[in-house]
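Listing of entry-v4.csv; format and content: CSV, C-alpha atoms.
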```
chain,number,residue,atom,x,y,z
A,247,MET,CA,-59.6,-13.8,33.9
A,248,LYS,CA,-57.4,-16.4,35.5
A,249,LYS,CA,-57.6,-18.6,32.4
A,250,SER,CA,-56.2,-15.8,30.2
A,251,HIS,CA,-53.1,-15.3,32.3
A,252,PRO,CA,-51.0,-18.0,30.7
A,253,VAL,CA,-51.8,-16.6,27.2
A,254,ARG,CA,-50.7,-13.2,28.2
A,255,ARG,CA,-47.5,-14.5,29.7
A,256,ALA,CA,-46.8,-16.4,26.5
A,257,VAL,CA,-47.3,-13.3,24.4
A,258,LEU,CA,-45.1,-11.2,26.7
A,259,ALA,CA,-42.4,-13.8,26.7
A,260,GLY,CA,-42.5,-14.0,22.9
A,261,ALA,CA,-42.2,-10.3,22.6
A,262,ALA,CA,-39.2,-10.2,24.9
A,263,THR,CA,-37.5,-12.9,22.9
A,264,VAL,CA,-38.0,-11.0,19.7
A,265,SER,CA,-36.7,-7.8,21.3
A,266,GLY,CA,-33.6,-9.6,22.6
A,267,ILE,CA,-32.8,-11.0,19.2
A,268,VAL,CA,-33.2,-7.5,17.5
A,269,LEU,CA,-30.9,-6.1,20.2
A,270,LEU,CA,-28.2,-8.7,19.7
A,271,LEU,CA,-28.3,-8.2,15.9
A,272,SER,CA,-27.8,-4.5,16.3
A,273,LEU,CA,-24.7,-5.1,18.5
A,274,LYS,CA,-23.1,-7.6,16.2
A,275,PRO,CA,-19.8,-6.3,14.6
A,276,ALA,CA,-20.1,-5.6,10.9
A,277,SER,CA,-18.5,-8.3,8.8
A,278,ASP,CA,-17.8,-6.0,5.7
A,279,PRO,CA,-14.0,-5.7,5.4
A,280,GLY,CA,-14.4,-2.0,4.4
A,281,SER,CA,-16.3,-1.1,7.5
A,282,ALA,CA,-13.2,-1.2,9.7
A,283,SER,CA,-11.8,2.1,8.7
A,284,ALA,CA,-15.3,3.7,8.6
A,285,ALA,CA,-15.9,2.6,12.2
A,286,GLY,CA,-12.6,4.0,13.3
A,287,GLY,CA,-10.5,0.9,13.0
A,288,ALA,CA,-6.9,0.7,11.8
A,289,ALA,CA,-6.4,2.6,8.5
A,290,PRO,CA,-4.0,1.4,5.8
A,291,PRO,CA,-0.4,2.6,6.3
A,292,ALA,CA,0.3,6.0,4.7
A,293,ALA,CA,3.7,5.0,3.4
A,294,ALA,CA,2.8,6.2,-0.1
A,295,GLU,CA,2.5,9.8,1.1
A,296,ALA,CA,5.4,12.1,-0.2
A,297,PRO,CA,7.2,13.9,2.6
A,298,GLN,CA,6.6,17.6,2.8
A,299,GLY,CA,9.2,20.3,2.6
A,300,GLY,CA,12.6,19.8,1.0
A,301,ARG,CA,11.3,20.9,-2.4
A,302,GLY,CA,14.7,20.2,-3.9
A,303,ALA,CA,15.9,23.3,-2.2
A,304,GLY,CA,19.5,24.0,-3.2
A,305,THR,CA,19.3,21.5,-6.0
A,306,GLY,CA,20.0,22.1,-9.7
A,307,THR,CA,22.6,23.2,-12.3
A,308,VAL,CA,24.0,26.7,-12.4
A,309,THR,CA,26.5,28.3,-14.7
A,310,GLY,CA,28.9,31.0,-13.6
A,311,ASP,CA,29.7,34.1,-15.6
A,312,ALA,CA,32.5,33.7,-18.2
A,313,ALA,CA,35.8,35.1,-16.9
A,314,ASP,CA,38.2,36.6,-19.5
A,315,THR,CA,41.8,35.6,-19.2
A,316,GLN,CA,44.9,36.4,-21.2
A,317,TYR,CA,44.5,33.1,-23.0
A,318,GLY,CA,40.8,33.0,-23.4
A,319,PRO,CA,37.5,32.8,-21.4
A,320,VAL,CA,36.9,30.4,-18.6
A,321,GLN,CA,33.3,29.4,-17.6
A,322,VAL,CA,32.2,27.0,-14.9
A,323,ARG,CA,29.0,25.0,-14.5
A,324,LEU,CA,28.1,23.4,-11.2
A,325,THR,CA,25.6,20.8,-10.1
A,326,VAL,CA,24.4,21.5,-6.6
A,327,ASN,CA,22.4,19.0,-4.6
A,328,GLY,CA,21.1,19.7,-1.1
A,329,GLY,CA,23.2,22.9,-1.1
A,330,LYS,CA,26.4,21.0,-1.8
A,331,VAL,CA,28.5,21.0,-5.0
A,332,THR,CA,28.3,17.5,-6.4
A,333,ALA,CA,29.9,18.1,-9.9
A,334,ALA,CA,31.8,20.8,-11.7
A,335,GLU,CA,32.8,21.3,-15.3
A,336,ALA,CA,34.4,23.9,-17.4
A,337,VAL,CA,32.1,24.8,-20.3
A,338,GLN,CA,34.7,27.2,-21.6
A,339,ALA,CA,38.5,27.1,-21.2
A,340,PRO,CA,41.5,28.4,-23.2
A,341,LYS,CA,42.3,26.4,-26.3
A,342,GLY,CA,44.6,26.4,-29.3
A,343,GLY,CA,48.3,25.7,-29.3
A,344,GLN,CA,49.9,25.2,-25.9
A,345,SER,CA,46.6,26.1,-24.2
A,346,ASP,CA,45.2,22.7,-25.3
A,347,GLN,CA,47.7,20.8,-23.2
A,348,VAL,CA,47.4,23.2,-20.2
A,349,THR,CA,43.6,23.0,-20.3
A,350,ALA,CA,43.6,19.2,-20.5
A,351,ASP,CA,45.9,19.0,-17.5
A,352,ALA,CA,44.4,21.8,-15.3
A,353,VAL,CA,40.7,21.6,-15.8
A,354,PRO,CA,40.1,18.1,-14.3
A,355,LYS,CA,42.1,19.1,-11.3
A,356,LEU,CA,40.2,22.3,-10.9
A,357,ASN,CA,36.9,20.5,-11.2
A,358,GLN,CA,37.8,18.0,-8.5
A,359,ALA,CA,39.1,20.8,-6.3
A,360,ALA,CA,35.8,22.7,-6.6
A,361,VAL,CA,33.7,19.6,-5.6
A,362,THR,CA,36.1,18.8,-2.7
A,363,ALA,CA,36.2,22.4,-1.3
A,364,GLY,CA,32.6,23.4,-2.1
A,365,THR,CA,33.9,27.0,-2.4
A,366,ALA,CA,36.0,29.0,-4.8
A,367,ASP,CA,38.9,29.0,-2.3
A,368,ILE,CA,40.9,26.4,-4.2
A,369,ASP,CA,44.6,26.3,-5.1
A,370,ALA,CA,45.8,27.3,-8.6
A,371,VAL,CA,47.2,24.5,-10.7
A,372,SER,CA,50.9,24.8,-11.4
A,373,GLY,CA,51.6,26.0,-14.9
A,374,ALA,CA,48.0,27.2,-15.4
A,375,THR,CA,47.9,30.4,-13.4
A,376,TYR,CA,45.6,32.4,-15.7
A,377,THR,CA,43.2,29.5,-16.3
A,378,SER,CA,43.1,28.8,-12.5
A,379,ALA,CA,42.3,32.5,-11.8
A,380,GLY,CA,39.6,32.6,-14.4
A,381,TYR,CA,38.1,29.3,-13.1
A,382,LYS,CA,38.0,30.5,-9.6
A,383,GLN,CA,36.3,33.7,-10.7
A,384,SER,CA,33.6,31.9,-12.7
A,385,LEU,CA,33.2,29.3,-9.9
A,386,GLN,CA,32.5,32.1,-7.4
A,387,SER,CA,29.9,33.5,-9.7
A,388,ALA,CA,28.2,30.2,-10.0
A,389,LEU,CA,28.2,29.7,-6.2
A,390,ASP,CA,26.7,33.2,-5.8
A,391,LYS,CA,23.9,32.3,-8.2
A,392,ALA,CA,23.2,29.1,-6.4
A,393,ALA,CA,23.1,30.8,-3.0
A,394,ALA,CA,20.8,33.5,-4.4
A,395,ALA,CA,18.5,30.8,-5.8
A,396,GLY,CA,18.5,29.0,-2.4
A,397,SER,CA,17.7,32.3,-0.6
A,398,ALA,CA,14.8,33.0,-3.0
A,399,ASP,CA,13.3,29.5,-2.3
A,400,GLU,CA,13.6,30.0,1.5
A,401,THR,CA,11.7,33.4,1.5
A,402,GLY,CA,8.7,31.8,-0.2
A,403,ALA,CA,5.9,33.7,-1.9
A,404,GLY,CA,5.0,35.6,1.3
A,405,GLY,CA,8.5,36.9,1.9
A,406,ALA,CA,9.9,37.7,-1.5
A,407,GLY,CA,12.8,40.1,-1.3
A,408,GLN,CA,13.2,39.7,2.5
A,409,GLY,CA,15.9,37.0,2.5
A,410,THR,CA,19.6,37.4,2.2
A,411,GLN,CA,21.1,37.2,-1.3
A,412,VAL,CA,24.7,37.4,-2.5
A,413,LEU,CA,24.7,38.5,-6.2
A,414,THR,CA,27.5,39.2,-8.7
A,415,GLY,CA,27.0,41.8,-11.4
A,416,ASP,CA,28.1,41.3,-14.9
A,417,VAL,CA,31.7,42.2,-15.9
A,418,THR,CA,31.9,45.7,-17.3
A,419,GLN,CA,34.8,46.4,-19.7
A,420,THR,CA,36.4,49.9,-19.4
A,421,GLN,CA,39.2,51.6,-21.2
A,422,TYR,CA,41.6,50.5,-18.4
A,423,GLY,CA,40.3,47.0,-17.7
A,424,PRO,CA,37.2,45.1,-16.4
A,425,VAL,CA,35.2,46.0,-13.4
A,426,GLN,CA,32.9,43.6,-11.5
A,427,VAL,CA,30.9,44.1,-8.4
A,428,ARG,CA,29.3,41.7,-5.9
A,429,VAL,CA,26.7,42.8,-3.4
A,430,THR,CA,25.0,41.3,-0.4
A,431,VAL,CA,21.3,42.2,-0.2
A,432,SER,CA,19.4,41.5,3.1
A,433,GLY,CA,15.8,42.6,3.7
A,434,GLY,CA,15.8,44.4,0.4
A,435,LYS,CA,18.9,46.6,1.4
A,436,ILE,CA,22.5,46.5,0.3
A,437,THR,CA,24.5,45.4,3.4
A,438,ASN,CA,27.8,44.9,1.7
A,439,ALA,CA,29.5,45.6,-1.6
A,440,GLU,CA,32.9,44.4,-2.9
A,441,THR,CA,34.8,44.7,-6.1
A,442,LEU,CA,35.9,41.4,-7.7
A,443,GLN,CA,37.6,42.9,-10.7
A,444,ALA,CA,39.1,46.4,-11.2
A,445,PRO,CA,41.7,48.0,-13.5
A,446,LYS,CA,45.2,47.1,-12.5
A,447,GLY,CA,48.8,47.6,-13.6
A,448,GLY,CA,50.8,50.9,-13.6
A,449,ARG,CA,48.9,54.0,-12.5
A,450,SER,CA,45.6,51.9,-12.4
A,451,ASP,CA,46.8,50.2,-9.2
A,452,GLN,CA,46.8,53.5,-7.3
A,453,VAL,CA,43.5,54.7,-8.8
A,454,THR,CA,41.8,51.4,-8.0
A,455,ALA,CA,43.2,51.4,-4.4
A,456,ASP,CA,41.8,54.9,-3.9
A,457,ALA,CA,38.5,54.6,-5.7
A,458,VAL,CA,37.2,51.1,-5.0
A,459,PRO,CA,36.7,51.5,-1.2
A,460,LYS,CA,34.8,54.7,-1.7
A,461,LEU,CA,32.6,53.1,-4.4
A,462,ASN,CA,31.8,50.2,-2.2
A,463,GLN,CA,30.8,52.4,0.7
A,464,ALA,CA,28.7,54.6,-1.6
A,465,ALA,CA,26.9,51.6,-2.9
A,466,VAL,CA,25.9,50.5,0.7
A,467,THR,CA,25.0,54.0,1.7
A,468,ALA,CA,22.9,54.8,-1.4
A,469,GLY,CA,21.4,51.3,-1.8
A,470,THR,CA,21.2,51.9,-5.5
A,471,ALA,CA,23.6,52.3,-8.4
A,472,ASP,CA,22.9,56.1,-8.4
A,473,ILE,CA,26.2,57.0,-6.8
A,474,ASP,CA,28.8,59.7,-7.6
A,475,ALA,CA,31.9,59.0,-9.6
A,476,VAL,CA,35.1,59.2,-7.6
A,477,SER,CA,37.3,62.0,-8.8
A,478,GLY,CA,40.2,60.8,-10.9
A,479,ALA,CA,38.5,57.4,-11.5
A,480,THR,CA,35.9,58.3,-14.1
A,481,TYR,CA,36.1,55.1,-16.1
A,482,THR,CA,36.4,52.8,-13.1
A,483,SER,CA,33.4,54.6,-11.5
A,484,ALA,CA,31.3,54.2,-14.6
A,485,GLY,CA,32.2,50.5,-14.9
A,486,TYR,CA,31.4,50.0,-11.2
A,487,GLN,CA,28.0,51.6,-11.5
A,488,GLN,CA,27.1,49.5,-14.5
A,489,SER,CA,28.1,46.2,-12.8
A,490,LEU,CA,26.4,47.3,-9.6
A,491,GLN,CA,23.2,47.9,-11.5
A,492,SER,CA,23.5,44.5,-13.1
A,493,ALA,CA,23.8,42.9,-9.6
A,494,LEU,CA,20.8,44.9,-8.3
A,495,ASP,CA,18.7,43.9,-11.3
A,496,LYS,CA,19.4,40.2,-10.5
A,497,ALA,CA,18.3,40.8,-6.9
A,498,GLY,CA,15.1,42.5,-8.1
A,499,GLY,CA,14.4,39.4,-10.3
```

Could you write out this file's structure as structure tokens?
Amino acid sequence: MKKSHPVRRAVLAGAATVSGIVLLLSLKPASDPGSASAAGGAAPPAAAEAPQGGRGAGTGTVTGDAADTQYGPVQVRLTVNGGKVTAAEAVQAPKGGQSDQVTADAVPKLNQAAVTAGTADIDAVSGATYTSAGYKQSLQSALDKAAAAGSADETGAGGAGQGTQVLTGDVTQTQYGPVQVRVTVSGGKITNAETLQAPKGGRSDQVTADAVPKLNQAAVTAGTADIDAVSGATYTSAGYQQSLQSALDKAGG
């Protein structure tokens, strides 16, 4: 028995050596370059990932409604980027005769004023009163549409119709002049109504002054275009209802 002890010790020592080598090999770091991330090492920088949000909200081109003037229609188109007006142009303006010169002088100034102000609250160009008024009206229409589009984006698919929108109805021609309505819709309800255009001049001034506030209030109260005509203002009332319906249709869209 004593003679076998050295053999057993040699066998045991050899087994221990082999086990140690196996253990060391199992603990050795992987040399494959691709194994670093798999083992929880530093991942490549994610600089290529596109930022979330800011889906171009408030960015695009929008064209206002054409505004009729004594010398011809005026229509404005805006480029809006990040909710700000970055460019303005008149796609329609009075032309022919003296109007050519007036337009050539006034339109560039009005375009620049629209970009600078970012609103329709701009000064009229001297010598181009009618063109300036038409420009401001169409500009306001374009701004309203841009605001409505931005509100629609913000509500998202889950909150459609729940945001606040300012929408301008189409101009309705009546026997005594055009009528145009702008409404503010919030949470699907009309919270404000105003008349941008209404018959004027002579007796129409008194009729408009009496009828328009009543029509505006009726629109807010009813929440629809199904409102009663104001006595003595039949044509104005009919035009108002038509323009109001047009605005509500845009809100529904």

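Between CA of Gly310 in chain A and CA of Gln386 in chain A the separation is 7.3 Å.
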
Practice task
Have a look at A:Gln411, A:Thr377, A:Thr454, A:Ser345 and name the one nearest to Lys435 in chain A; count all atoms listed in the file.
Solution key: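 Once distances to Lys435 in chain A are computed over all atoms listed in the file, the minimum belongs to A:Gln411.
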
Handout entry: Best match for closeness to Val326 in chain A among A:Asp346, A:Asp390, A:Lys341, A:Ser378, counting only C-alpha atoms
Key = A:Asp390

Handout entry: Straight-line distance linking CA of Ala350 in chain A with CA of Val308 in chain A, stated in Å to one decimal
Key =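 Interatomic distance, CA of Ala350 in chain A to CA of Val308 in chain A: 22.5 Å.
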
Handout entry: Selected residue, from A:Ile368, A:Ala379, A:Ala497, A:Val320, that lies nearest to Gly434 in chain A when counting all atoms listed in the file
Key =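 Of all the options, A:Ala497 lies closest to Gly434 in chain A.
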
Problem - Within 9 Å of range 417-422 of chain A using all atoms listed in the file, minus same-chain residues under 5 positions, as a ChimeraX atom specification - result: /A:311-313,427,443-446,450,481-482,484-486,488-489,492

Problem - For CA of Tyr317 in chain A and CA of Gly343 in chain A, the interatomic separation in Å (one decimal) - result: 10.4 Å

Problem - Option closest in space to Gln321 in chain A, from A:Gln344, A:Gln383, A:Thr362, A:Thr467 [counting all atoms listed in the file] - result: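 Going through A:Gln344, A:Gln383, A:Thr362, A:Thr467 one by one, the smallest distance to Gln321 in chain A is for A:Gln383.
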
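The residue set within 9 Å of Arg323 in chain A, counting all atoms listed in the file and dropping same-chain residues fewer than 5 places from it, reads A:Thr307, A:Val308, A:Thr309, A:Gly310, A:Ala333, A:Ala334, A:Glu335, A:Ala336, A:Val337, A:Ser384, A:Leu385, A:Ala388.
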
C-alpha atoms of the current selection, written as a PDB file, keeping the file's coordinate frame:
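Everything below was put into again.pdb:
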```pdb
ATOM      1  CA  THR A 307      22.600  23.200 -12.300  1.00  0.00           C
ATOM      2  CA  VAL A 308      24.000  26.700 -12.400  1.00  0.00           C
ATOM      3  CA  THR A 309      26.500  28.300 -14.700  1.00  0.00           C
ATOM      4  CA  GLY A 310      28.900  31.000 -13.600  1.00  0.00           C
ATOM      5  CA  ALA A 333      29.900  18.100  -9.900  1.00  0.00           C
ATOM      6  CA  ALA A 334      31.800  20.800 -11.700  1.00  0.00           C
ATOM      7  CA  GLU A 335      32.800  21.300 -15.300  1.00  0.00           C
ATOM      8  CA  ALA A 336      34.400  23.900 -17.400  1.00  0.00           C
ATOM      9  CA  VAL A 337      32.100  24.800 -20.300  1.00  0.00           C
ATOM     10  CA  SER A 384      33.600  31.900 -12.700  1.00  0.00           C
ATOM     11  CA  LEU A 385      33.200  29.300  -9.900  1.00  0.00           C
ATOM     12  CA  ALA A 388      28.200  30.200 -10.000  1.00  0.00           C
TER      13      ALA A 388
END
```

Practice task
Determine the nearest neighbour of Lys355 in chain A from the options A:Pro340, A:Asp369, A:Leu413, A:Ala471, counting all atoms listed in the file.
Solution key: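 Once distances to Lys355 in chain A are computed over all atoms listed in the file, the minimum belongs to A:Asp369.
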